[in-house]
$ cat coords16.csv   # CSV, C-alpha atoms
chain,number,residue,atom,x,y,z
A,1,MET,CA,0.0,0.0,0.0
A,2,ASP,CA,1.2,3.5,-0.8
A,3,PRO,CA,2.0,5.9,2.0
A,4,THR,CA,-0.2,8.3,0.3
A,5,GLU,CA,-3.1,5.9,0.7
A,6,VAL,CA,-2.4,5.7,4.4
A,7,GLU,CA,-2.5,9.5,4.4
A,8,PHE,CA,-5.8,9.4,2.6
A,9,ILE,CA,-7.2,7.2,5.3
A,10,ALA,CA,-5.8,9.4,8.0
A,11,GLU,CA,-7.4,12.5,6.5
A,12,ASN,CA,-10.8,11.2,7.5
A,13,LYS,CA,-10.0,11.9,11.2
A,14,MET,CA,-11.6,14.9,12.8
A,15,VAL,CA,-9.7,18.0,13.9
A,16,SER,CA,-10.9,21.2,15.6
A,17,ILE,CA,-10.8,24.5,13.7
A,18,VAL,CA,-11.8,28.1,14.3
A,19,PRO,CA,-13.6,29.4,11.3
A,20,ASN,CA,-13.6,33.0,10.3
A,21,PHE,CA,-17.0,32.8,8.6
A,22,THR,CA,-20.4,31.9,9.7
A,23,PHE,CA,-22.4,29.1,8.0
A,24,ASP,CA,-25.1,26.6,8.7
A,25,ARG,CA,-24.5,22.9,9.0
A,26,ILE,CA,-23.3,21.1,5.9
A,27,PHE,CA,-24.6,17.6,5.2
A,28,LEU,CA,-21.8,15.6,3.8
A,29,ILE,CA,-22.2,11.9,2.9
A,30,SER,CA,-19.8,11.1,5.7
A,31,GLY,CA,-21.9,12.9,8.3
A,32,GLU,CA,-22.9,16.4,9.1
A,33,VAL,CA,-20.4,19.2,10.1
A,34,GLY,CA,-21.0,22.6,11.6
A,35,PRO,CA,-22.8,24.8,12.2
A,36,PHE,CA,-19.9,27.3,11.6
A,37,ARG,CA,-19.8,30.4,13.8
A,38,ALA,CA,-16.9,32.8,13.3
A,39,GLY,CA,-14.6,32.5,16.3
A,40,LEU,CA,-16.1,29.4,17.8
A,41,PRO,CA,-14.3,26.0,17.4
A,42,VAL,CA,-15.9,23.3,15.4
A,43,LYS,CA,-14.8,19.7,14.5
A,44,ILE,CA,-14.4,18.8,10.8
A,45,PRO,CA,-12.4,16.1,8.9
A,46,ILE,CA,-8.8,16.9,8.2
A,47,TRP,CA,-9.1,16.9,4.5
A,48,MET,CA,-11.7,19.7,4.8
A,49,ALA,CA,-9.7,21.6,7.3
A,50,LEU,CA,-6.6,21.6,5.1
A,51,ASN,CA,-8.7,22.9,2.2
A,52,LEU,CA,-10.3,25.7,4.3
A,53,ARG,CA,-6.9,26.6,5.8
A,54,GLN,CA,-5.5,26.9,2.3
A,55,ARG,CA,-8.2,29.3,1.4
A,56,GLN,CA,-7.6,31.3,4.6
A,57,LYS,CA,-11.1,30.6,5.9
A,58,CYS,CA,-10.1,29.1,9.3
A,59,ARG,CA,-7.4,28.6,11.9
A,60,ILE,CA,-6.5,25.0,12.8
A,61,MET,CA,-6.3,24.2,16.5
A,62,ALA,CA,-3.7,21.7,17.6
A,63,PRO,CA,-5.2,18.4,18.9
A,64,ASP,CA,-4.9,17.9,22.6
A,65,TRP,CA,-2.0,15.5,22.3
A,66,MET,CA,0.1,17.9,20.2
A,67,ASP,CA,1.7,19.6,23.1
A,68,PRO,CA,5.5,19.5,23.7
A,69,GLU,CA,5.3,18.4,27.3
A,70,LYS,CA,2.8,15.7,26.6
A,71,LEU,CA,4.8,14.5,23.7
A,72,GLU,CA,8.0,14.5,25.8
A,73,GLU,CA,6.2,12.2,28.3
A,74,ILE,CA,5.1,9.9,25.5
A,75,LYS,CA,8.7,9.8,24.2
A,76,GLU,CA,10.1,8.9,27.6
A,77,GLU,CA,7.6,6.2,28.0
A,78,GLU,CA,8.3,4.8,24.6
A,79,SER,CA,12.1,4.7,25.1
A,80,GLN,CA,11.7,3.1,28.5
A,81,SER,CA,9.3,0.4,27.5
A,82,ARG,CA,10.3,-2.8,25.8
A,83,TYR,CA,7.1,-3.0,23.9
A,84,PHE,CA,5.2,-0.5,21.9
A,85,THR,CA,3.1,2.0,23.9
A,86,LYS,CA,-0.2,3.2,22.8
A,87,MET,CA,0.1,6.3,20.7
A,88,PRO,CA,-2.2,9.3,21.4
A,89,SER,CA,-3.6,9.0,17.9
A,90,GLU,CA,-3.7,6.2,15.5
A,91,HIS,CA,-2.2,8.4,12.8
A,92,TYR,CA,0.1,10.6,14.9
A,93,MET,CA,2.7,10.9,12.3
A,94,VAL,CA,0.4,11.8,9.4
A,95,GLU,CA,-1.7,14.1,11.5
A,96,GLY,CA,1.4,15.7,12.9
A,97,PHE,CA,3.0,16.5,9.6
A,98,LEU,CA,-0.2,17.4,7.7
A,99,LEU,CA,-1.3,19.9,10.3
A,100,LEU,CA,2.1,21.3,11.0
A,101,ASP,CA,2.8,21.8,7.3
A,102,ALA,CA,-0.5,23.5,6.6
A,103,ALA,CA,-0.8,25.6,9.7
A,104,ALA,CA,2.6,26.0,11.4
A,105,GLU,CA,1.6,29.5,12.5
A,106,ASP,CA,-1.6,28.4,14.1
A,107,ILE,CA,0.1,25.8,16.3
A,108,PRO,CA,2.3,27.1,19.1
A,109,ARG,CA,5.9,25.7,19.2
A,110,SER,CA,5.5,23.8,16.0
A,111,ASP,CA,9.2,23.2,15.5
A,112,GLU,CA,9.6,21.6,18.9
A,113,ILE,CA,6.5,19.4,18.2
A,114,ARG,CA,7.9,18.4,14.9
A,115,THR,CA,11.2,17.3,16.3
A,116,ILE,CA,9.6,15.4,19.2
A,117,ILE,CA,7.2,13.6,16.8
A,118,LYS,CA,10.1,12.7,14.6
A,119,ASP,CA,12.1,11.4,17.6
A,120,ILE,CA,9.2,9.2,18.7
A,121,TRP,CA,8.9,7.9,15.2
A,122,ASP,CA,12.6,7.0,15.1
A,123,ILE,CA,12.5,5.3,18.5
A,124,ARG,CA,9.5,3.2,17.4
A,125,MET,CA,11.0,2.4,14.0
A,126,SER,CA,14.3,1.1,15.5
A,127,LYS,CA,12.3,-0.9,18.0
A,128,LEU,CA,10.3,-2.3,15.2
A,129,ARG,CA,13.4,-3.2,13.2
A,130,SER,CA,15.0,-5.0,16.1
A,131,SER,CA,11.9,-6.9,17.1
A,132,ILE,CA,11.4,-8.0,13.5
A,133,ASP,CA,14.9,-9.2,13.4
A,134,ALA,CA,14.4,-11.2,16.6
A,135,PHE,CA,11.0,-12.5,15.3
A,136,VAL,CA,12.3,-13.8,12.0
A,137,LYS,CA,15.4,-15.4,13.6
A,138,SER,CA,13.2,-17.2,16.1
A,139,GLY,CA,11.2,-18.6,13.2
A,140,GLY,CA,7.8,-17.6,14.4
A,141,SER,CA,4.9,-17.6,12.1
A,142,HIS,CA,2.6,-15.3,13.9
A,143,ALA,CA,3.1,-12.2,16.0
A,144,LYS,CA,1.0,-9.7,18.0
A,145,LEU,CA,1.6,-6.1,17.0
A,146,ASP,CA,-0.7,-4.0,19.3
A,147,HIS,CA,-0.3,-0.3,19.3
A,148,LEU,CA,1.5,-0.1,16.0
A,149,THR,CA,0.1,2.6,13.8
A,150,ALA,CA,-1.0,2.3,10.2
A,151,LEU,CA,2.0,4.1,8.7
A,152,GLU,CA,4.5,2.0,10.7
A,153,ILE,CA,2.8,-1.2,9.6
A,154,ASN,CA,2.8,0.0,6.1
A,155,SER,CA,6.6,0.8,6.3
A,156,ILE,CA,7.4,-2.9,6.8
A,157,ARG,CA,5.2,-3.9,3.9
A,158,PRO,CA,6.1,-5.8,1.7
A,159,LEU,CA,9.3,-6.7,3.5
A,160,LEU,CA,8.0,-8.6,6.5
A,161,PRO,CA,5.1,-10.5,5.0
A,162,HIS,CA,7.1,-11.5,1.9
A,163,ALA,CA,10.1,-12.6,4.1
A,164,LEU,CA,7.7,-14.8,6.1
A,165,ASP,CA,6.1,-16.2,3.0
A,166,GLU,CA,9.5,-17.1,1.6
A,167,LEU,CA,10.6,-18.8,4.8
A,168,HIS,CA,7.4,-20.7,4.8
A,169,ARG,CA,7.9,-21.8,1.2
A,170,LEU,CA,11.4,-23.0,2.0
A,171,GLU,CA,10.2,-24.9,5.0
A,172,ASN,CA,7.5,-26.6,3.0
A,173,ALA,CA,10.0,-27.5,0.4
A,174,LEU,CA,12.1,-29.1,3.1
A,175,ARG,CA,9.1,-31.0,4.4
A,176,ILE,CA,8.6,-32.6,1.0
A,177,LEU,CA,12.2,-33.7,0.8
B,1,MET,CA,-31.4,21.3,-0.7
B,2,ASP,CA,-29.1,19.3,1.5
B,3,ASN,CA,-30.0,15.6,1.2
B,4,ASP,CA,-31.4,13.4,3.8
B,5,ASN,CA,-28.8,11.1,5.0
B,6,ASP,CA,-31.1,8.2,5.8
B,7,LEU,CA,-31.8,5.9,3.0
B,8,SER,CA,-34.7,3.7,2.4
B,9,PHE,CA,-32.2,1.2,1.1
B,10,GLY,CA,-31.8,-1.5,3.7
B,11,LEU,CA,-31.1,-5.2,3.8
B,12,SER,CA,-34.3,-7.3,4.0
B,13,ASP,CA,-35.5,-7.0,7.6
B,14,GLU,CA,-32.9,-4.7,9.0
B,15,GLU,CA,-33.5,-1.0,9.6
B,16,PRO,CA,-32.5,1.6,7.0
B,17,ILE,CA,-28.7,2.1,6.8
B,18,SER,CA,-27.3,5.6,6.8
B,19,ALA,CA,-25.0,6.8,4.1
B,20,GLN,CA,-22.4,7.3,6.7
B,21,LYS,CA,-22.4,3.6,7.6
B,22,VAL,CA,-22.3,2.6,3.9
B,23,LEU,CA,-19.2,4.8,3.4
B,24,LYS,CA,-17.6,3.2,6.5
B,25,THR,CA,-18.4,-0.3,5.2
B,26,LEU,CA,-17.1,0.7,1.7
B,27,GLU,CA,-13.8,1.8,3.3
B,28,GLU,CA,-13.4,-1.5,5.2
B,29,VAL,CA,-14.3,-3.5,2.1
B,30,TRP,CA,-11.8,-1.6,0.1
B,31,LEU,CA,-9.0,-2.2,2.5
B,32,ASN,CA,-9.8,-5.9,2.8
B,33,GLU,CA,-9.8,-6.4,-1.0
B,34,LYS,CA,-6.6,-4.5,-1.4
B,35,LEU,CA,-4.7,-6.4,1.2
B,36,SER,CA,-6.0,-9.9,0.7
B,37,PRO,CA,-4.1,-12.3,-1.6
B,38,GLU,CA,-7.3,-13.8,-3.1
B,39,LEU,CA,-10.5,-12.4,-4.6
B,40,LEU,CA,-13.2,-11.8,-2.0
B,41,LYS,CA,-16.9,-11.8,-2.4
B,42,HIS,CA,-18.3,-9.0,-4.4
B,43,GLN,CA,-20.0,-6.1,-2.6
B,44,THR,CA,-21.9,-4.6,-5.4
B,45,GLU,CA,-24.8,-3.6,-3.0
B,46,VAL,CA,-22.4,-1.3,-1.1
B,47,VAL,CA,-20.8,0.0,-4.3
B,48,ASP,CA,-24.1,0.7,-6.0
B,49,CYS,CA,-25.6,2.3,-3.0
B,50,MET,CA,-22.6,4.6,-2.7
B,51,LEU,CA,-22.7,5.5,-6.3
B,52,ASP,CA,-26.4,6.4,-6.0
B,53,GLN,CA,-25.5,8.6,-3.1
B,54,VAL,CA,-22.8,10.3,-5.1
B,55,GLN,CA,-25.1,10.9,-8.0
B,56,GLN,CA,-27.8,12.3,-5.8
B,57,MET,CA,-25.2,14.6,-4.1
B,58,GLU,CA,-23.9,15.7,-7.5
B,59,GLU,CA,-27.4,16.8,-8.5
B,60,ASN,CA,-27.9,18.7,-5.3
B,61,VAL,CA,-24.5,20.4,-5.7
B,62,SER,CA,-25.2,21.4,-9.2
B,63,LYS,CA,-28.2,23.4,-8.0
B,64,LEU,CA,-26.1,25.5,-5.6
B,65,ARG,CA,-24.8,28.9,-6.7
B,66,LYS,CA,-21.3,28.8,-8.0
B,67,ASN,CA,-19.7,30.8,-5.3
B,68,ASP,CA,-21.2,28.9,-2.4
B,69,PHE,CA,-18.3,27.5,-0.5
B,70,ARG,CA,-20.1,24.2,0.0
B,71,VAL,CA,-19.6,23.4,-3.7
B,72,VAL,CA,-15.9,22.9,-3.2
B,73,VAL,CA,-16.3,20.9,0.0
B,74,HIS,CA,-18.9,18.6,-1.5
B,75,ARG,CA,-16.9,18.1,-4.7
B,76,MET,CA,-13.9,17.2,-2.7
B,77,GLU,CA,-15.8,14.6,-0.8
B,78,LEU,CA,-17.3,13.1,-3.9
B,79,GLU,CA,-13.8,12.9,-5.4
B,80,ARG,CA,-12.6,11.0,-2.4
B,81,ILE,CA,-15.5,8.6,-2.5
B,82,ARG,CA,-15.0,8.1,-6.3
B,83,TYR,CA,-11.4,7.3,-5.6
B,84,ILE,CA,-12.2,4.6,-3.1
B,85,VAL,CA,-14.8,3.0,-5.4
B,86,ALA,CA,-12.4,3.1,-8.4
B,87,SER,CA,-9.5,1.7,-6.5
B,88,TYR,CA,-11.7,-1.1,-5.1
B,89,LEU,CA,-13.0,-2.1,-8.6
B,90,ARG,CA,-9.6,-1.9,-10.1
B,91,THR,CA,-8.1,-4.1,-7.5
B,92,ARG,CA,-10.7,-6.7,-8.2
B,93,LEU,CA,-10.2,-6.5,-11.9
B,94,ASP,CA,-6.4,-7.0,-11.4
B,95,LYS,CA,-7.0,-10.1,-9.3
B,96,ILE,CA,-9.5,-11.4,-11.9
B,97,GLU,CA,-6.9,-10.9,-14.7
B,98,MET,CA,-4.2,-12.6,-12.7
B,99,PHE,CA,-6.1,-15.6,-11.3
B,100,THR,CA,-8.7,-16.0,-14.1
B,101,ASN,CA,-8.9,-19.8,-14.4
B,102,LYS,CA,-8.8,-20.5,-10.7
B,103,ILE,CA,-11.6,-17.9,-10.1
B,104,LEU,CA,-13.8,-19.2,-12.9
B,105,ASP,CA,-13.3,-22.8,-11.7
B,106,ASP,CA,-14.2,-21.9,-8.1
B,107,GLU,CA,-17.2,-19.8,-9.3
B,108,ASP,CA,-18.7,-22.8,-11.1
B,109,LYS,CA,-18.7,-24.7,-7.9
B,110,ARG,CA,-20.6,-22.1,-5.9
B,111,GLU,CA,-24.3,-21.6,-5.4
B,112,PRO,CA,-26.0,-18.6,-7.1
B,113,GLU,CA,-26.3,-16.6,-3.8
B,114,GLU,CA,-22.7,-17.3,-2.9
B,115,LYS,CA,-21.1,-16.0,-6.1
B,116,TYR,CA,-17.9,-14.0,-5.6
B,117,LEU,CA,-18.1,-12.2,-9.0
B,118,SER,CA,-20.7,-9.7,-9.9
B,119,PRO,CA,-22.5,-10.5,-13.2
B,120,LYS,CA,-20.4,-7.9,-15.1
B,121,GLU,CA,-17.2,-9.2,-13.5
B,122,PHE,CA,-18.2,-12.8,-14.5
B,123,LYS,CA,-18.7,-11.7,-18.1
B,124,PHE,CA,-15.4,-9.9,-18.0
B,125,ALA,CA,-13.6,-13.0,-16.6
B,126,ARG,CA,-15.1,-15.3,-19.2
B,127,GLU,CA,-14.3,-13.0,-22.1
B,128,TYR,CA,-10.8,-12.4,-20.8
B,129,SER,CA,-10.1,-16.1,-20.4
B,130,SER,CA,-11.3,-16.9,-23.9
B,131,LEU,CA,-9.4,-14.0,-25.5
B,132,MET,CA,-6.2,-15.1,-23.8
B,133,GLU,CA,-6.7,-18.6,-25.0
B,134,SER,CA,-7.3,-17.7,-28.5
B,135,HIS,CA,-4.5,-15.2,-28.4
B,136,LEU,CA,-2.0,-17.8,-27.2
B,137,GLN,CA,-3.3,-20.2,-29.8
B,138,ALA,CA,-2.9,-17.8,-32.7
B,139,LEU,CA,0.4,-16.5,-31.5
B,140,ALA,CA,2.3,-19.6,-30.5
B,141,LEU,CA,0.6,-22.9,-30.3
B,142,LYS,CA,-0.6,-22.9,-33.9
B,143,HIS,CA,3.0,-22.9,-35.0
B,144,MET,CA,4.1,-25.7,-32.7
B,145,PRO,CA,4.2,-29.4,-33.5
B,146,THR,CA,0.8,-31.0,-33.0
B,147,TYR,CA,1.6,-33.1,-30.0
B,148,VAL,CA,2.5,-30.1,-27.9
B,149,GLN,CA,-0.5,-28.1,-29.1
B,150,LYS,CA,-2.7,-29.2,-26.2
B,151,PHE,CA,-3.3,-26.4,-23.8
B,152,ASP,CA,-3.9,-27.5,-20.3
B,153,LYS,CA,-5.5,-24.6,-18.6
B,154,SER,CA,-5.3,-25.9,-15.0
B,155,LYS,CA,-1.5,-26.4,-15.3
B,156,MET,CA,-1.1,-22.9,-16.6
B,157,SER,CA,-3.2,-20.9,-14.2
B,158,ILE,CA,-1.7,-18.8,-11.5
B,159,VAL,CA,-3.2,-19.5,-8.1
B,160,PRO,CA,-3.3,-17.0,-5.3
B,161,ASN,CA,-1.0,-17.7,-2.4
B,162,ILE,CA,-3.3,-18.2,0.5
B,163,SER,CA,-0.4,-18.9,2.8
B,164,SER,CA,0.7,-15.3,2.4
B,165,HIS,CA,1.0,-13.4,5.6
B,166,VAL,CA,-1.3,-10.5,6.3
B,167,PHE,CA,-1.7,-7.9,9.0
B,168,LEU,CA,-5.1,-7.8,10.7
B,169,ARG,CA,-7.1,-6.3,13.6
B,170,ALA,CA,-9.6,-8.5,15.4
B,171,LYS,CA,-12.9,-6.9,15.8
B,172,ARG,CA,-14.0,-9.4,18.4
B,173,ASN,CA,-12.5,-11.9,20.8
B,174,ILE,CA,-11.7,-15.0,18.7
B,175,THR,CA,-10.5,-18.2,20.2
B,176,GLY,CA,-9.0,-21.3,18.8
B,177,ILE,CA,-7.2,-20.3,15.6
B,178,ILE,CA,-4.9,-23.1,14.5
B,179,ILE,CA,-1.6,-22.3,12.9
B,180,GLU,CA,0.0,-25.2,11.1
B,181,GLY,CA,3.5,-25.8,12.2
B,182,ASP,CA,6.4,-27.2,10.2
B,183,ASN,CA,8.3,-30.3,11.1
B,184,GLU,CA,9.8,-29.4,14.4
B,185,THR,CA,7.0,-27.3,16.0
B,186,GLY,CA,3.6,-28.8,16.1
B,187,ASP,CA,0.4,-27.0,15.4
B,188,GLU,CA,-0.2,-23.9,17.5
B,189,GLU,CA,-3.5,-22.7,18.7
B,190,ILE,CA,-3.9,-19.0,19.5
B,191,ASP,CA,-6.6,-16.6,20.6
B,192,LEU,CA,-7.1,-13.1,19.4
B,193,GLU,CA,-8.3,-10.4,21.7
B,194,GLU,CA,-10.7,-7.7,20.6
B,195,ASN,CA,-8.9,-4.8,18.9
B,196,SER,CA,-5.5,-6.5,18.9
B,197,GLN,CA,-3.3,-6.4,15.8
B,198,HIS,CA,-1.5,-9.4,14.4
B,199,ILE,CA,0.5,-10.7,11.5
B,200,ILE,CA,-0.6,-14.2,10.5
B,201,GLN,CA,-1.0,-16.5,7.5
B,202,TYR,CA,-4.0,-15.6,5.5
B,203,LYS,CA,-5.3,-19.2,5.3
B,204,CYS,CA,-5.7,-19.3,9.1
B,205,ILE,CA,-8.0,-16.4,9.3
B,206,ASP,CA,-9.8,-16.3,5.9
B,207,ARG,CA,-13.1,-17.6,7.3
B,208,TYR,CA,-13.0,-14.9,10.0
B,209,LEU,CA,-12.4,-12.3,7.3
B,210,LYS,CA,-15.4,-13.6,5.4
B,211,ALA,CA,-17.5,-13.5,8.6
B,212,GLU,CA,-16.3,-10.0,9.1
B,213,THR,CA,-14.9,-10.6,12.5
B,214,VAL,CA,-11.4,-9.4,11.5
B,215,GLN,CA,-10.3,-6.5,9.4
B,216,LEU,CA,-7.1,-6.4,7.3
B,217,ILE,CA,-4.9,-3.4,8.0
$ encode --input "coords16.csv" --output "structure tokens"
Amino acid sequence: MDPTEVEFIAENKMVSIVPNFTFDRIFLISGEVGPFRAGLPVKIPIWMALNLRQRQKCRIMAPDWMDPEKLEEIKEEESQSRYFTKMPSEHYMVEGFLLLDAAAEDIPRSDEIRTIIKDIWDIRMSKLRSSIDAFVKSGGSHAKLDHLTALEINSIRPLLPHALDELHRLENALRIL
Amino acid sequence: MDNDNDLSFGLSDEEPISAQKVLKTLEEVWLNEKLSPELLKHQTEVVDCMLDQVQQMEENVSKLRKNDFRVVVHRMELERIRYIVASYLRTRLDKIEMFTNKILDDEDKREPEEKYLSPKEFKFAREYSSLMESHLQALALKHMPTYVQKFDKSKMSIVPNISSHVFLRAKRNITGIIIEGDNETGDEEIDLEENSQHIIQYKCIDRYLKAETVQLI
């Protein structure tokens, strides 16, 4: 699967914005959004928020978890724990970069946030690499991967499934011999 | 002006399904089809329902004034939905083209209600198969000595690898899944907790996928 497709899926998540216009509710196929009152926050899907922000019709509010202190805590927990910890959002990486790219001025301390998110990503990816290494060496055929986010899982596709398929194929060949 | 999101379309005795739910189902169906190694059952009901909704919305949007900001937003959403539908149908066609013979053979053995291909897909598969055959005949086999001119379709066909590993999320608690072991390790039996994520061989979970108790991710 393409990373852009993971981004597509992540764009369906809701984010809070502060519109600078007033409008009634809009009835989208995916649900209703609004009503929009200038100055009052309202929740809309990210794809819509990015479009409105681009047209200068709103200000994007950072999600609760996008705060440097909270992220530092999460980073600490992640580096201490042997396993993967639950991330504040299923698509933290995508949301982080989409929102920070579109609305860096709206979100306070965006550079810090960007760095911390990147650090968390790096920690998790290296944990993922070493646990995959151990998993394949131990010859397991099944593994539990709770708390991994969609983009992380996508990053080891097609490597991990194909590697396991090949191992399996070789083992079966041995069985026949 | 803005359409009513409740549809009178529903499945036999169940209550009417909202457009929102149909869209959610479509997204899940799309992911499952994309990530599964074999062709899954067709979901033309969901697709047709979604396309109806899209058409209705298009009509509504065309009645709005050009400068209304809703036009852009609705159009974006319709593009997104169209992308999912197109990607879903395209994935199915790719699989049909790759596994034509196996799919047609399996389809013959199925009951009419259980068919995996929609009527149009079935027509496509049959025509594709006969076109390929006649093409190969004309291109190569005709010029070969008679005793190798026989064309054994079953030996030639590509079969999906159902031992392929897939990532999944369990929607419910599932107990007693058996994973075949190789020579040294015996068969393993595992349980899946609700909302846990795993990587596992497709063939171990394919019936759960069809029963919609797991979702591929």
$ closest_atom_pairs --input "coords16.csv" --of "chain A" --to "chain B" --cutoff "6 Å" --atoms "only C-alpha atoms" --output "JSON lines"
{"residue": "A:Ile29", "atom": "CA", "partner": "B:Ala19", "partner_atom": "CA", "distance": 5.9}
{"residue": "A:Ser30", "atom": "CA", "partner": "B:Gln20", "partner_atom": "CA", "distance": 4.7}
{"residue": "A:Gly31", "atom": "CA", "partner": "B:Gln20", "partner_atom": "CA", "distance": 5.8}
{"residue": "A:His142", "atom": "CA", "partner": "B:Ile200", "partner_atom": "CA", "distance": 4.8}
{"residue": "A:Ala143", "atom": "CA", "partner": "B:Ile199", "partner_atom": "CA", "distance": 5.4}
{"residue": "A:Lys144", "atom": "CA", "partner": "B:His198", "partner_atom": "CA", "distance": 4.4}
{"residue": "A:Leu145", "atom": "CA", "partner": "B:Gln197", "partner_atom": "CA", "distance": 5.1}
{"residue": "A:Asp146", "atom": "CA", "partner": "B:Gln197", "partner_atom": "CA", "distance": 5.0}
{"residue": "A:Pro161", "atom": "CA", "partner": "B:His165", "partner_atom": "CA", "distance": 5.1}
{"residue": "A:Asp165", "atom": "CA", "partner": "B:Ser164", "partner_atom": "CA", "distance": 5.5}
$ atom_distance --input "coords16.csv" --atom1 "atom CA of A:Ser131" --atom2 "atom CA of A:Phe84"
10.4 Å
$ closest_residue --input "coords16.csv" --among "B:Asn32, B:Gln137, B:Cys204, B:His42" --to "B:Lys115" --atoms "only C-alpha atoms"
B:His42
$ residues_around --input "coords16.csv" --residues "B:Ser118" --least-positions-apart "5" --cutoff "9 Å" --atoms "all atoms listed in the file" --output "JSON, numbers by chain"
{"B": [41, 42, 43, 44, 123]}
$ atom_distance --input "coords16.csv" --atom1 "atom CA of A:Pro41" --atom2 "atom CA of A:Phe8"
23.8 Å
$ residues_around --input "coords16.csv" --residues "A:Leu52" --least-positions-apart "3" --cutoff "12 Å" --atoms "all atoms listed in the file" --output "PyMOL selection string"
(chain A and resi 17-21+44-49+55-60+102-103) or (chain B and resi 69-70+72-73+76)
$ write_last_selection --input "coords16.csv" --atoms "C-alpha atoms" --output "compact mmCIF listing (two decimals), keeping the file's coordinate frame"
# COMPACT_ATOMS: atom_id res chain seq x y z
CA ILE A 17 -10.80 24.50 13.70
CA VAL A 18 -11.80 28.10 14.30
CA PRO A 19 -13.60 29.40 11.30
CA ASN A 20 -13.60 33.00 10.30
CA PHE A 21 -17.00 32.80 8.60
CA ILE A 44 -14.40 18.80 10.80
CA PRO A 45 -12.40 16.10 8.90
CA ILE A 46 -8.80 16.90 8.20
CA TRP A 47 -9.10 16.90 4.50
CA MET A 48 -11.70 19.70 4.80
CA ALA A 49 -9.70 21.60 7.30
CA ARG A 55 -8.20 29.30 1.40
CA GLN A 56 -7.60 31.30 4.60
CA LYS A 57 -11.10 30.60 5.90
CA CYS A 58 -10.10 29.10 9.30
CA ARG A 59 -7.40 28.60 11.90
CA ILE A 60 -6.50 25.00 12.80
CA ALA A 102 -0.50 23.50 6.60
CA ALA A 103 -0.80 25.60 9.70
CA PHE B 69 -18.30 27.50 -0.50
CA ARG B 70 -20.10 24.20 0.00
CA VAL B 72 -15.90 22.90 -3.20
CA VAL B 73 -16.30 20.90 0.00
CA MET B 76 -13.90 17.20 -2.70
$ atom_distance --input "coords16.csv" --atom1 "atom CA of B:Leu216" --atom2 "atom CA of A:His168"
20.5 Å
$ closest_residue --input "coords16.csv" --among "B:Ile96, B:Ile158, B:Leu26, B:Leu139" --to "B:Cys49" --atoms "all atoms listed in the file"
B:Leu26
$ decode --input "coords16.csv" --residues "stretch 61-70 of chain B" --atoms "N, CA, C and O atoms" --output "mmCIF file, in the first residue's frame"
data_model
loop_
_atom_site.group_PDB
_atom_site.id
_atom_site.type_symbol
_atom_site.label_atom_id
_atom_site.label_comp_id
_atom_site.auth_asym_id
_atom_site.auth_seq_id
_atom_site.Cartn_x
_atom_site.Cartn_y
_atom_site.Cartn_z
ATOM 1 N N VAL B 61 -25.583 19.393 -5.590
ATOM 2 C CA VAL B 61 -24.516 20.394 -5.660
ATOM 3 C C VAL B 61 -24.671 21.258 -6.904
ATOM 4 O O VAL B 61 -24.409 22.454 -6.880
ATOM 5 N N SER B 62 -25.121 20.647 -8.011
ATOM 6 C CA SER B 62 -25.213 21.437 -9.250
ATOM 7 C C SER B 62 -26.267 22.516 -9.131
ATOM 8 O O SER B 62 -26.250 23.494 -9.864
ATOM 9 N N LYS B 63 -27.205 22.338 -8.156
ATOM 10 C CA LYS B 63 -28.233 23.363 -8.009
ATOM 11 C C LYS B 63 -27.754 24.549 -7.182
ATOM 12 O O LYS B 63 -28.403 25.586 -7.142
ATOM 13 N N LEU B 64 -26.625 24.379 -6.465
ATOM 14 C CA LEU B 64 -26.136 25.484 -5.640
ATOM 15 C C LEU B 64 -25.523 26.572 -6.506
ATOM 16 O O LEU B 64 -25.024 26.310 -7.579
ATOM 17 N N ARG B 65 -25.507 27.804 -5.958
ATOM 18 C CA ARG B 65 -24.840 28.909 -6.667
ATOM 19 C C ARG B 65 -23.364 28.602 -6.772
ATOM 20 O O ARG B 65 -22.786 27.997 -5.897
ATOM 21 N N LYS B 66 -22.732 29.110 -7.803
ATOM 22 C CA LYS B 66 -21.321 28.779 -8.032
ATOM 23 C C LYS B 66 -20.392 29.196 -6.902
ATOM 24 O O LYS B 66 -19.409 28.554 -6.643
ATOM 25 N N ASN B 67 -20.688 30.318 -6.253
ATOM 26 C CA ASN B 67 -19.712 30.816 -5.275
ATOM 27 C C ASN B 67 -19.917 30.240 -3.889
ATOM 28 O O ASN B 67 -19.147 30.503 -2.995
ATOM 29 N N ASP B 68 -20.955 29.485 -3.727
ATOM 30 C CA ASP B 68 -21.225 28.887 -2.435
ATOM 31 C C ASP B 68 -20.043 28.005 -2.046
ATOM 32 O O ASP B 68 -19.621 27.152 -2.808
ATOM 33 N N PHE B 69 -19.530 28.238 -0.836
ATOM 34 C CA PHE B 69 -18.308 27.496 -0.522
ATOM 35 C C PHE B 69 -18.562 26.009 -0.331
ATOM 36 O O PHE B 69 -17.648 25.193 -0.394
ATOM 37 N N ARG B 70 -19.839 25.647 -0.166
ATOM 38 C CA ARG B 70 -20.142 24.232 -0.004
ATOM 39 C C ARG B 70 -19.793 23.436 -1.254
ATOM 40 O O ARG B 70 -19.498 22.255 -1.187
#
